[in-house]
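Colleague: Dropping a structure here in structure tokens format, bear with me for questions.
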Amino acid sequence: MAELKTRLQNDLTAAMKARETVTAGALRMALTAVTNEEVSGKQARELSDDEVVKVLMREAKKRKEAAEAFAGAGRAEKAELERAELAVLEAYLPKQLDDAELASIVDKAVAAVAEQSGAAPGPKQMGQVMKAVNAEVAGRADGGRVAAAVKARLTS
């Protein structure tokens with residue numbers, strides 16, 4: 001079993017014993033999402049830690065979007081609950097890259113693609129650069145942030 005999944009289960013048990021309803025609820029939803037991912041497809045399988053992190057990132061993104069939607073609709077108490085659940089999930093995710101680190105990774109990827117093709121990549125080579133950057137970033141930055149950084153670098 002994946003180490004991260006085991007940690008989630010142990011933390012859920014501890015949160016339930018301590019009667020921490022927000023933490024227990026967030027971990028329950030995360031573990032349900034992990035289990036659903038494991039049984040989806042033609043054959044049940046066990047997820048690796050990297051795959052569990054991807055599921056947790058997807059769940060964190062849902063919480064962030066829900067919090068924004070609730071806040072926009074004037075439901076502050078629901079938005080706050082979603083933010084609290086997001087904070088619980090973020091404790092299990094890798095540290096996010098700051099803008100300078102992301103820019104450095106994008107610059108390296110652009111240089112690597114330029115070396116392969118023999119010319120400086122332009123907006124048409126965004127897919128190649130994104131592939132190289134995503135391999136390096138591996139869950140430490142949101143896809144939208146990565147795409148924006150690559151696009152800004154290629155158009156400048």
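In the structure tokens, each chain is lettered A, B, ... as it comes, each chain's residues begin at 1, and ligands are numbered from 1 in order of appearance.
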Leaving out Met126 in chain A and any residue of its chain fewer than 5 positions from it, which residues lie within 12 Å of it when counting only C-alpha atoms, given as a list in words?

Modeller: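 Here the answer would be Val106, Ala109, Val110, Val113, Ala114, Ala120, Pro121, Lys131, Ala132, Val133, Asn134, Val146, Ala147, Ala148, Ala149, Val150, Lys151, Ala152, Arg153, Leu154 and Thr155 of chain A.
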
Colleague: Pick out the residues sitting within 10 Å of range 49-60 of chain A, and hand them over as a PDB file with C-alpha atoms, in the first residue's frame; count only C-alpha atoms, and ignore anything fewer than 6 positions along from it in its own chain.

Modeller:
ATOM      1  CA  MET A   1       0.000   0.000   0.000  1.00  0.00           C
ATOM      2  CA  ALA A   2       1.179   3.495  -0.779  1.00  0.00           C
ATOM      3  CA  GLU A   3       2.819   5.263   2.154  1.00  0.00           C
ATOM      4  CA  LEU A   4       0.757   8.392   1.647  1.00  0.00           C
ATOM      5  CA  LYS A   5      -2.525   6.459   1.608  1.00  0.00           C
ATOM      6  CA  ALA A  26     -11.624  16.287   4.338  1.00  0.00           C
ATOM      7  CA  LEU A  27      -9.588  13.101   4.823  1.00  0.00           C
ATOM      8  CA  MET A  29     -13.369  12.663   0.963  1.00  0.00           C
ATOM      9  CA  ALA A  30      -9.714  12.362  -0.066  1.00  0.00           C
ATOM     10  CA  LEU A  31      -9.589   8.654   0.743  1.00  0.00           C
ATOM     11  CA  ALA A  33     -11.364   9.822  -4.188  1.00  0.00           C
ATOM     12  CA  VAL A  34      -8.236   7.644  -3.915  1.00  0.00           C
ATOM     13  CA  THR A  35     -10.345   4.482  -3.628  1.00  0.00           C
ATOM     14  CA  ASN A  36     -12.502   5.523  -6.591  1.00  0.00           C
ATOM     15  CA  GLU A  37      -9.355   6.061  -8.650  1.00  0.00           C
ATOM     16  CA  GLU A  38      -8.060   2.625  -7.629  1.00  0.00           C
ATOM     17  CA  ALA A  66     -15.891  25.567  -4.488  1.00  0.00           C
ATOM     18  CA  GLU A  82     -14.064  24.606   1.868  1.00  0.00           C
ATOM     19  CA  ARG A  83     -10.937  26.659   2.669  1.00  0.00           C
ATOM     20  CA  GLU A  85     -10.686  21.414   3.997  1.00  0.00           C
ATOM     21  CA  LEU A  86      -8.242  22.787   1.417  1.00  0.00           C
ATOM     22  CA  ALA A  87      -5.767  23.574   4.212  1.00  0.00           C
ATOM     23  CA  VAL A  88      -6.043  19.982   5.471  1.00  0.00           C
ATOM     24  CA  LEU A  89      -5.358  18.583   1.990  1.00  0.00           C
ATOM     25  CA  GLU A  90      -2.446  20.955   1.349  1.00  0.00           C
ATOM     26  CA  TYR A  92      -0.274  16.228   2.277  1.00  0.00           C
ATOM     27  CA  LEU A  93       0.825  17.865  -0.967  1.00  0.00           C
ATOM     28  CA  PRO A  94       4.409  18.711  -1.915  1.00  0.00           C
ATOM     29  CA  ALA A 138       5.700  16.962 -11.115  1.00  0.00           C
ATOM     30  CA  GLY A 139       2.827  18.271  -9.037  1.00  0.00           C
ATOM     31  CA  ARG A 140       4.602  21.177  -7.394  1.00  0.00           C
ATOM     32  CA  ALA A 141       2.749  23.810  -9.435  1.00  0.00           C
ATOM     33  CA  ASP A 142      -0.748  24.141 -10.838  1.00  0.00           C
TER      34      ASP A 142
END

Colleague: Which residues in chain A does DSSP call alpha helix (DSSP H)? List them as a VMD selection string.

Modeller: chain A and resid 3 to 17 21 to 39 49 to 72 76 to 90 99 to 117 126 to 137 143 to 155

Colleague: Measure the distance from CA of Phe70 in chain A to CA of Gly144 in chain A in Å and round it to one decimal.

Modeller: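 Rounded to one decimal, the two atoms are 21.5 Å apart.
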
Colleague: Using CA of Lys108 in chain A and CA of Arg145 in chain A as the two end points, give the distance in Å to one decimal.

Modeller: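 Separating CA of Lys108 in chain A from CA of Arg145 in chain A is a distance of 16.6 Å.
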
Colleague: Using only C-alpha atoms, which of A:Arg75, A:Ala44, A:Leu102, A:Ala84 sits nearest Arg63 in chain A?

Modeller: A:Ala84
